[in-house]
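What follows is a short report on a single structure.
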Amino acid sequence: MDKSATALAPVLARFGIDARPSDFIPLEGGRSNRIWLLRGALSDGDAVLKLFPTHSDNPLFPNDGNAELNTLSHLVDTGLAPKPIGGCGTDLGFCLLYKHVPGAVASFHPNDVGHYLARLHKVQAPAGLRHVPTGADGLRQTAREVAARVAQNTLPPMPRIADVPPAKTTCLLHGDLVPSNLVSESAGLVAIDWQCPAVGDPCEDIAIFLSPAMQVLYGGSPLSNEDERAFFSAYGNAAVESRYRSLKPLYHWRMAAYCAWKAERGETDYARAMGLELVALQRSANP
């Protein structure tokens, strides 16, 4: 018997859900949190229960259950995110409940994601979210912070790029838009796992989705140049596309540093992902 499920079953009663430990169906995909499907828990469908650990030290993808609940509540009725049921603290960590989104995970065309992000980035962000530094200097800052976590740093020198000023307009960011966090349902794409929301440059979401490392690690494969063009055609903002391409080498370098940090912590699949990111870095620095 899952001890966590046994401990959390009484918590669900606060939200009007009567669930026995045997009703908890573990879901795969998440690397940071424990997730269960509660089949038939709601009058109109299934629920998802997400348990956050009591501590997270991730330098690039913070894992904040309260921020996820806040953002899901803000996005109710937009069709961009699952419908929240509620959340609360427990002895095991923060517990979040939301309505399950049925559909195929990581099943989309890049232009679908372009359309999705174009909609998301027009939504006003809720209050209280973290702000991500923007512009070339801001990106260098966050990249150095990630690289500082790597004990055996074999990264190439940080690439030099033309100066890109801080973003004049910032937006709501998903913060972790990898393939496994996109569900294709009848009405279109819905993003799940909103534990890293932020306010910042739209290029942040774009860089994470287009990252070859994140594609391979989370259910996809590296996108082709044609895929990237289809994505930006659907996104429909030439100024943001130009800004992303100017910052692209720094985004690849930062992601390579992140993969190095994860690999050192025993997640060996990140070592191969780092290699993919370094190849992309070389190509972006020498187009």
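As shown in the structure tokens, the chain order sets the letters A, B, ...; within each chain, residues go from 1, and ligands are also counted from 1 in the order they appear.
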
Open item on the list: Give me, as a PyMOL selection string, the residues of segment 57-263 of chain A that a backbone DSSP run labels strand (DSSP E).
Closed with: chain A and resi 84-90+93-99+104-105+171-173+182-185+188-191+198-200

Which residues of segment 146-246 of chain A sit at most 8 Å from segment 63-81 of chain A, using only C-alpha atoms? Give each one's shortest atom pair and distance in Å (one decimal place), in chain and ascending residue order, as JSON lines.
{"residue": "A:Leu189", "atom": "CA", "partner": "A:Leu80", "partner_atom": "CA", "distance": 7.3}
{"residue": "A:Val190", "atom": "CA", "partner": "A:Leu80", "partner_atom": "CA", "distance": 5.0}
{"residue": "A:Ala191", "atom": "CA", "partner": "A:Ala81", "partner_atom": "CA", "distance": 5.4}
{"residue": "A:Ile192", "atom": "CA", "partner": "A:Ala81", "partner_atom": "CA", "distance": 6.1}
{"residue": "A:Asp193", "atom": "CA", "partner": "A:Glu68", "partner_atom": "CA", "distance": 7.6}
{"residue": "A:Trp194", "atom": "CA", "partner": "A:Glu68", "partner_atom": "CA", "distance": 4.9}
{"residue": "A:Gln195", "atom": "CA", "partner": "A:Glu68", "partner_atom": "CA", "distance": 4.7}
{"residue": "A:Cys196", "atom": "CA", "partner": "A:Asn63", "partner_atom": "CA", "distance": 5.8}
{"residue": "A:Pro197", "atom": "CA", "partner": "A:Ala67", "partner_atom": "CA", "distance": 6.8}

Write the selection just made, keeping C-alpha atoms, as a PDB file, in the first residue's frame?
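Contents of again_1.pdb, as written:
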ATOM      1  CA  LEU A 189      -3.747  22.130 -26.579  1.00  0.00           C
ATOM      2  CA  VAL A 190      -3.844  22.483 -22.800  1.00  0.00           C
ATOM      3  CA  ALA A 191      -0.674  22.909 -20.740  1.00  0.00           C
ATOM      4  CA  ILE A 192      -0.341  21.082 -17.425  1.00  0.00           C
ATOM      5  CA  ASP A 193       2.287  21.225 -14.646  1.00  0.00           C
ATOM      6  CA  TRP A 194       2.303  24.939 -13.914  1.00  0.00           C
ATOM      7  CA  GLN A 195       4.722  24.729 -10.981  1.00  0.00           C
ATOM      8  CA  CYS A 196       7.233  27.139 -12.605  1.00  0.00           C
ATOM      9  CA  PRO A 197       5.094  30.127 -13.694  1.00  0.00           C
TER      10      PRO A 197
END

TODO: Please provide as a list in words all residues within 10 Å of Ser107 of chain A, with the sequence filter that same-chain residues fewer than 4 positions apart are discarded (counting only C-alpha atoms).
DONE: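 Surrounding residues, per the criterion: Gly103, Asp112, Pro179, Ser180, Leu182, Val183, Ser184, Glu185, Leu189, Gly219 and Gly220 of chain A.
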
Task: Distance criterion (only C-alpha atoms): nearest to Pro102 of chain A out of A:Thr170, A:Thr142, A:Gln152, A:Ser186 - done: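 Smallest separation from Pro102 of chain A among the options: A:Ser186.
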
Open item on the list: Excluding segment 267-275 of chain A and its own-chain neighbours fewer than 2 positions away, which residues fall within 12 Å of it when counting only C-alpha atoms? Please give them as a PyMOL selection string.
Closed with: chain A and resi 31+154-156+211-218+221-222+252-265+277-282

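You will find atom CA of Asp44 of chain A at 27.1 Å from atom CA of Val123 of chain A.
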